[in-house]
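Written below as structure tokens is the structure these notes are about.
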Amino acid sequence: MPKISVCMAVYNGEKYILEQIESILGQLSADDELIVSDDGSTDLTLEKIRSCGDSRIRMIANELDKGYSGNFEHAIRHATGEVIFLSDQDDVWLAGRVQKMLAALERCDMVVCNAQFTDDVLTPLDTTLFSLRGGGQGFWKNLFKSRYLGACMAFKRSILRKALPFPGNRKLCPHDLWLTLVAELYYRVELIEEPLILYRRHGANVSSGGSASTNSFFKKMQFRAYCLLKVLGRA
């Protein structure tokens, strides 16, 4: 079995962090790791993580740009596993997620699972990631409209040869869109239609991944032009 690195970016996530960590650690082996990169939390997030007392957890302070994309890149740079999972701080991984995604990675380089959207107490909503975004593979399709979420991704370390460093303008090219485009253009991607995480939506989400875009047409074109230029530059 390949070593797994779960990369979690955290910031003031005390309310849900322990539930998420518990759902992750129960699916990891003794040789795997959970890397938690903190973006300067001022609540009890770090204390709660330390209370887990699990040697597989590595806590580090973000030394890159503030914000979730820089924080995720920082966590990924510290990963030592051959397979990398990304994790938000407030979701819940469903049983069997790791094994099902590892099985898919035997055939591809990145796998993206579906996600069941829930409210703050994990009551399922009438929405999944793929039903909201019209899930589908393909570079141009995802450049036009991003269909994947970082929290639903797992990928082989080999992708990092082209993915790192992330583009400098993180507002125009957030981490999950960047990884999507790199994987779709240069590697093999597979989707799992089954929801394998509970994607919690609440008033304090750090990212807006489960919300419809409010960007203007001009802003959307900026996004696409910038991302296209950067990803073609990794050829």
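Residues in the structure tokens are named by chain (A, B, ... in the order shown) and by number from 1 within that chain; ligands are numbered from 1 in the order shown.
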Could you name the residues that touch Thr127 of chain A at 12 Å or less, counting only C-alpha atoms, but leaving out those on the same chain fewer than 6 positions away, as a list in words?
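The residues that qualify are Asn114, Ala115, Gln116, Phe117, Thr118, Asp119, Arg133, Gly134, Pro195, Leu198, Tyr199, Arg200, Arg201, Gly210 and Ser211 of chain A.
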Would you save the residues from that selection as a PDB file, in the first residue's frame, using N, CA, C and O atoms?
```pdb
ATOM      1  N   ASN A 114     -17.511  12.402  -5.736  1.00  0.00           N
ATOM      2  CA  ASN A 114     -18.660  13.267  -5.524  1.00  0.00           C
ATOM      3  C   ASN A 114     -18.751  13.613  -4.042  1.00  0.00           C
ATOM      4  O   ASN A 114     -18.103  12.987  -3.194  1.00  0.00           O
ATOM      5  N   ALA A 115     -19.539  14.628  -3.702  1.00  0.00           N
ATOM      6  CA  ALA A 115     -19.721  15.040  -2.311  1.00  0.00           C
ATOM      7  C   ALA A 115     -21.200  15.305  -2.052  1.00  0.00           C
ATOM      8  O   ALA A 115     -21.869  15.932  -2.875  1.00  0.00           O
ATOM      9  N   GLN A 116     -21.673  14.825  -0.918  1.00  0.00           N
ATOM     10  CA  GLN A 116     -23.034  15.123  -0.498  1.00  0.00           C
ATOM     11  C   GLN A 116     -23.030  16.406   0.313  1.00  0.00           C
ATOM     12  O   GLN A 116     -22.375  16.489   1.350  1.00  0.00           O
ATOM     13  N   PHE A 117     -23.729  17.435  -0.148  1.00  0.00           N
ATOM     14  CA  PHE A 117     -23.801  18.673   0.605  1.00  0.00           C
ATOM     15  C   PHE A 117     -24.749  18.495   1.787  1.00  0.00           C
ATOM     16  O   PHE A 117     -25.782  17.830   1.683  1.00  0.00           O
ATOM     17  N   THR A 118     -24.377  19.105   2.918  1.00  0.00           N
ATOM     18  CA  THR A 118     -25.190  19.022   4.129  1.00  0.00           C
ATOM     19  C   THR A 118     -25.281  20.403   4.765  1.00  0.00           C
ATOM     20  O   THR A 118     -24.551  21.335   4.410  1.00  0.00           O
ATOM     21  N   ASP A 119     -26.154  20.513   5.766  1.00  0.00           N
ATOM     22  CA  ASP A 119     -26.169  21.734   6.563  1.00  0.00           C
ATOM     23  C   ASP A 119     -25.147  21.610   7.685  1.00  0.00           C
ATOM     24  O   ASP A 119     -24.335  20.670   7.701  1.00  0.00           O
ATOM     25  N   ARG A 133     -22.511  21.272 -10.120  1.00  0.00           N
ATOM     26  CA  ARG A 133     -21.555  21.776 -11.110  1.00  0.00           C
ATOM     27  C   ARG A 133     -21.606  21.034 -12.435  1.00  0.00           C
ATOM     28  O   ARG A 133     -20.866  21.361 -13.355  1.00  0.00           O
ATOM     29  N   GLY A 134     -22.464  20.020 -12.524  1.00  0.00           N
ATOM     30  CA  GLY A 134     -22.519  19.257 -13.764  1.00  0.00           C
ATOM     31  C   GLY A 134     -21.232  18.519 -14.007  1.00  0.00           C
ATOM     32  O   GLY A 134     -20.566  18.721 -15.016  1.00  0.00           O
ATOM     33  N   PRO A 195     -20.966   9.834  -3.694  1.00  0.00           N
ATOM     34  CA  PRO A 195     -20.469  10.802  -2.708  1.00  0.00           C
ATOM     35  C   PRO A 195     -19.667  10.084  -1.621  1.00  0.00           C
ATOM     36  O   PRO A 195     -20.170   9.145  -0.988  1.00  0.00           O
ATOM     37  N   LEU A 198     -19.107  14.123   3.278  1.00  0.00           N
ATOM     38  CA  LEU A 198     -20.193  15.043   3.622  1.00  0.00           C
ATOM     39  C   LEU A 198     -19.596  16.432   3.622  1.00  0.00           C
ATOM     40  O   LEU A 198     -18.686  16.731   4.407  1.00  0.00           O
ATOM     41  N   TYR A 199     -20.083  17.269   2.701  1.00  0.00           N
ATOM     42  CA  TYR A 199     -19.521  18.605   2.499  1.00  0.00           C
ATOM     43  C   TYR A 199     -20.406  19.607   3.226  1.00  0.00           C
ATOM     44  O   TYR A 199     -21.476  19.970   2.752  1.00  0.00           O
ATOM     45  N   ARG A 200     -19.937  20.018   4.381  1.00  0.00           N
ATOM     46  CA  ARG A 200     -20.744  20.834   5.285  1.00  0.00           C
ATOM     47  C   ARG A 200     -20.758  22.296   4.851  1.00  0.00           C
ATOM     48  O   ARG A 200     -19.719  22.905   4.648  1.00  0.00           O
ATOM     49  N   ARG A 201     -21.962  22.860   4.691  1.00  0.00           N
ATOM     50  CA  ARG A 201     -22.121  24.271   4.370  1.00  0.00           C
ATOM     51  C   ARG A 201     -22.669  24.991   5.588  1.00  0.00           C
ATOM     52  O   ARG A 201     -23.688  24.591   6.159  1.00  0.00           O
ATOM     53  N   GLY A 210     -18.868  25.557  -2.416  1.00  0.00           N
ATOM     54  CA  GLY A 210     -20.192  25.022  -2.630  1.00  0.00           C
ATOM     55  C   GLY A 210     -21.207  26.045  -3.060  1.00  0.00           C
ATOM     56  O   GLY A 210     -22.408  25.767  -3.083  1.00  0.00           O
ATOM     57  N   SER A 211     -20.759  27.226  -3.435  1.00  0.00           N
ATOM     58  CA  SER A 211     -21.661  28.311  -3.809  1.00  0.00           C
ATOM     59  C   SER A 211     -21.518  28.648  -5.285  1.00  0.00           C
ATOM     60  O   SER A 211     -20.471  28.432  -5.894  1.00  0.00           O
TER      61      SER A 211
END
```
Give me, as a PyMOL selection string, the residues of segment 64-232 of chain A that a backbone DSSP run labels helix (DSSP H, G or I).
chain A and resi 68-77+97-105+129-133+139-144+150-152+157-163+175-186+217-232
Using DSSP on the backbone coordinates, identify the residues of segment 91-128 of chain A assigned to strand (DSSP E); present them as a list in words.
Val92, Trp93, Met110, Val111, Val112, Cys113, Asn114, Ala115, Gln116, Phe117, Thr118, Pro124, Leu125, Asp126, Thr127 and Thr128 of chain A
Contacts of Glu14 of chain A within 10 Å, only C-alpha atoms, excl. fewer than 5 positions in-chain, as a PyMOL selection string:
chain A and resi 41-49+89-90
Would you write out those residues with N, CA, C and O atoms, as a PDB file, in the first residue's frame?
```pdb
ATOM      1  N   SER A  41      -4.588  30.614  13.265  1.00  0.00           N
ATOM      2  CA  SER A  41      -5.831  30.511  14.032  1.00  0.00           C
ATOM      3  C   SER A  41      -5.710  31.222  15.374  1.00  0.00           C
ATOM      4  O   SER A  41      -4.671  31.173  16.042  1.00  0.00           O
ATOM      5  N   THR A  42      -6.809  31.856  15.765  1.00  0.00           N
ATOM      6  CA  THR A  42      -6.847  32.559  17.049  1.00  0.00           C
ATOM      7  C   THR A  42      -7.854  31.935  18.007  1.00  0.00           C
ATOM      8  O   THR A  42      -8.026  32.429  19.124  1.00  0.00           O
ATOM      9  N   ASP A  43      -8.504  30.846  17.584  1.00  0.00           N
ATOM     10  CA  ASP A  43      -9.460  30.166  18.466  1.00  0.00           C
ATOM     11  C   ASP A  43      -8.785  28.922  19.053  1.00  0.00           C
ATOM     12  O   ASP A  43      -7.565  28.877  19.190  1.00  0.00           O
ATOM     13  N   LEU A  44      -9.535  27.899  19.359  1.00  0.00           N
ATOM     14  CA  LEU A  44      -8.991  26.697  20.004  1.00  0.00           C
ATOM     15  C   LEU A  44      -8.660  25.585  19.009  1.00  0.00           C
ATOM     16  O   LEU A  44      -8.494  24.435  19.413  1.00  0.00           O
ATOM     17  N   THR A  45      -8.558  25.932  17.735  1.00  0.00           N
ATOM     18  CA  THR A  45      -8.294  24.910  16.724  1.00  0.00           C
ATOM     19  C   THR A  45      -7.056  24.090  17.052  1.00  0.00           C
ATOM     20  O   THR A  45      -7.098  22.847  17.065  1.00  0.00           O
ATOM     21  N   LEU A  46      -5.937  24.733  17.307  1.00  0.00           N
ATOM     22  CA  LEU A  46      -4.681  24.003  17.520  1.00  0.00           C
ATOM     23  C   LEU A  46      -4.714  23.181  18.792  1.00  0.00           C
ATOM     24  O   LEU A  46      -4.203  22.048  18.824  1.00  0.00           O
ATOM     25  N   GLU A  47      -5.335  23.715  19.840  1.00  0.00           N
ATOM     26  CA  GLU A  47      -5.445  22.964  21.085  1.00  0.00           C
ATOM     27  C   GLU A  47      -6.267  21.698  20.887  1.00  0.00           C
ATOM     28  O   GLU A  47      -5.933  20.625  21.410  1.00  0.00           O
ATOM     29  N   LYS A  48      -7.340  21.807  20.123  1.00  0.00           N
ATOM     30  CA  LYS A  48      -8.173  20.632  19.886  1.00  0.00           C
ATOM     31  C   LYS A  48      -7.438  19.583  19.061  1.00  0.00           C
ATOM     32  O   LYS A  48      -7.570  18.378  19.317  1.00  0.00           O
ATOM     33  N   ILE A  49      -6.648  20.014  18.097  1.00  0.00           N
ATOM     34  CA  ILE A  49      -5.885  19.057  17.300  1.00  0.00           C
ATOM     35  C   ILE A  49      -4.847  18.354  18.172  1.00  0.00           C
ATOM     36  O   ILE A  49      -4.681  17.131  18.104  1.00  0.00           O
ATOM     37  N   GLN A  89     -11.420  21.609   6.714  1.00  0.00           N
ATOM     38  CA  GLN A  89     -11.417  21.448   8.164  1.00  0.00           C
ATOM     39  C   GLN A  89     -12.785  21.123   8.759  1.00  0.00           C
ATOM     40  O   GLN A  89     -12.885  20.860   9.949  1.00  0.00           O
ATOM     41  N   ASP A  90     -13.835  21.138   7.936  1.00  0.00           N
ATOM     42  CA  ASP A  90     -15.179  21.059   8.508  1.00  0.00           C
ATOM     43  C   ASP A  90     -16.082  20.032   7.845  1.00  0.00           C
ATOM     44  O   ASP A  90     -17.291  20.041   8.059  1.00  0.00           O
TER      45      ASP A  90
END
```
Which distance in Å separates atom CA of Arg170 of chain A and atom CA of Arg234 of chain A, to one decimal?
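It comes out at 16.7 Å.
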Would you list the contacts of Gln99 of chain A as a compact mmCIF listing (two decimals) with N, CA and C atoms, in the first residue's frame, taking every protein, DNA or RNA residue within 10 Å and counting only C-alpha atoms, but skipping same-chain residues closer than 4 positions in sequence?
```txt
# COMPACT_ATOMS: atom_id res chain seq x y z
N GLN A 27 -9.34 5.85 8.79
CA GLN A 27 -9.13 5.22 7.48
C GLN A 27 -7.66 5.16 7.08
N LEU A 28 -6.77 5.66 7.95
CA LEU A 28 -5.34 5.67 7.64
C LEU A 28 -4.62 4.55 8.37
N ALA A 95 -17.16 6.36 5.38
CA ALA A 95 -16.42 5.10 5.48
C ALA A 95 -16.12 4.55 4.10
N ALA A 103 -8.15 2.54 -4.99
CA ALA A 103 -8.41 1.58 -6.06
C ALA A 103 -8.48 2.29 -7.41
N ALA A 104 -9.11 3.47 -7.43
CA ALA A 104 -9.18 4.23 -8.68
C ALA A 104 -7.81 4.71 -9.12
N LEU A 105 -6.95 5.07 -8.18
CA LEU A 105 -5.62 5.57 -8.51
C LEU A 105 -4.70 4.50 -9.09
```
Which residues, written as a PyMOL selection string, have at least one atom at most 9 Å from Asp109 of chain A, with only C-alpha atoms counted and residues fewer than 4 positions away on the same chain left out?
chain A and resi 104-105+154-159+183+187-190
Residues within 12 Å of Gln222 of chain A, please, as a PyMOL selection string. Count only C-alpha atoms; anything in the same chain fewer than 3 positions from it doesn't count.
chain A and resi 143-144+169+171-173+215-219+225-229
Write out the residues from the selection above, keeping C-alpha atoms, as an mmCIF file, in the first residue's frame.
```cif
data_model
loop_
_atom_site.group_PDB
_atom_site.id
_atom_site.type_symbol
_atom_site.label_atom_id
_atom_site.label_comp_id
_atom_site.auth_asym_id
_atom_site.auth_seq_id
_atom_site.Cartn_x
_atom_site.Cartn_y
_atom_site.Cartn_z
ATOM 1 C CA LEU A 143 -11.383 25.665 -17.747
ATOM 2 C CA PHE A 144 -14.756 27.016 -18.820
ATOM 3 C CA ASN A 169 -2.098 35.104 -8.300
ATOM 4 C CA LYS A 171 -7.310 34.864 -6.562
ATOM 5 C CA LEU A 172 -7.274 34.228 -10.300
ATOM 6 C CA CYS A 173 -6.207 30.595 -9.974
ATOM 7 C CA ASN A 215 -17.970 36.932 -10.626
ATOM 8 C CA SER A 216 -18.644 39.223 -13.571
ATOM 9 C CA PHE A 217 -18.108 38.063 -17.144
ATOM 10 C CA PHE A 218 -14.894 40.123 -17.305
ATOM 11 C CA LYS A 219 -13.603 38.532 -14.102
ATOM 12 C CA ALA A 225 -6.884 33.578 -19.546
ATOM 13 C CA TYR A 226 -4.566 33.603 -16.540
ATOM 14 C CA CYS A 227 -5.027 29.903 -15.805
ATOM 15 C CA LEU A 228 -4.615 28.903 -19.449
ATOM 16 C CA LEU A 229 -1.383 30.864 -19.759
#
```
Residue nearest Cys108 of chain A - candidates A:Val10, A:Leu86, A:Ile24, A:Leu191, atoms counted: only C-alpha atoms
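Of all the options, A:Leu191 lies closest to Cys108 of chain A.
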Atomic distance atom CA of Val36 of chain A - atom CA of Tyr16 of chain A, expressed in Å with one decimal:
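Taking atom CA of Val36 of chain A and atom CA of Tyr16 of chain A, their separation equals 14.3 Å.
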I'd like the interatomic distance between atom CA of Ala163 of chain A and atom CA of Gly96 of chain A, to a tenth of an Å.
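Going from atom CA of Ala163 of chain A over to atom CA of Gly96 of chain A, I get 27.6 Å.
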Hey, which bits of segment 32-96 of chain A sit within 10 Å of segment 174-182 of chain A, and for each residue what's the closest pair of atoms and how far apart in Å (one decimal), counting only C-alpha atoms, rows by chain and increasing number, as CSV?
```
residue,atom,partner,partner_atom,distance
A:Gly67,CA,A:Pro174,CA,9.9
A:Tyr68,CA,A:His175,CA,8.2
A:Ser69,CA,A:His175,CA,5.0
A:Gly70,CA,A:His175,CA,7.8
A:Asn71,CA,A:His175,CA,9.5
A:Phe72,CA,A:His175,CA,7.3
A:Glu73,CA,A:His175,CA,7.5
A:Leu86,CA,A:Asp176,CA,9.3
```
Pick the closest to Cys152 of chain A from A:His78, A:Arg50, A:Glu19, A:Val92: which is it, counting only C-alpha atoms?
A:Val92
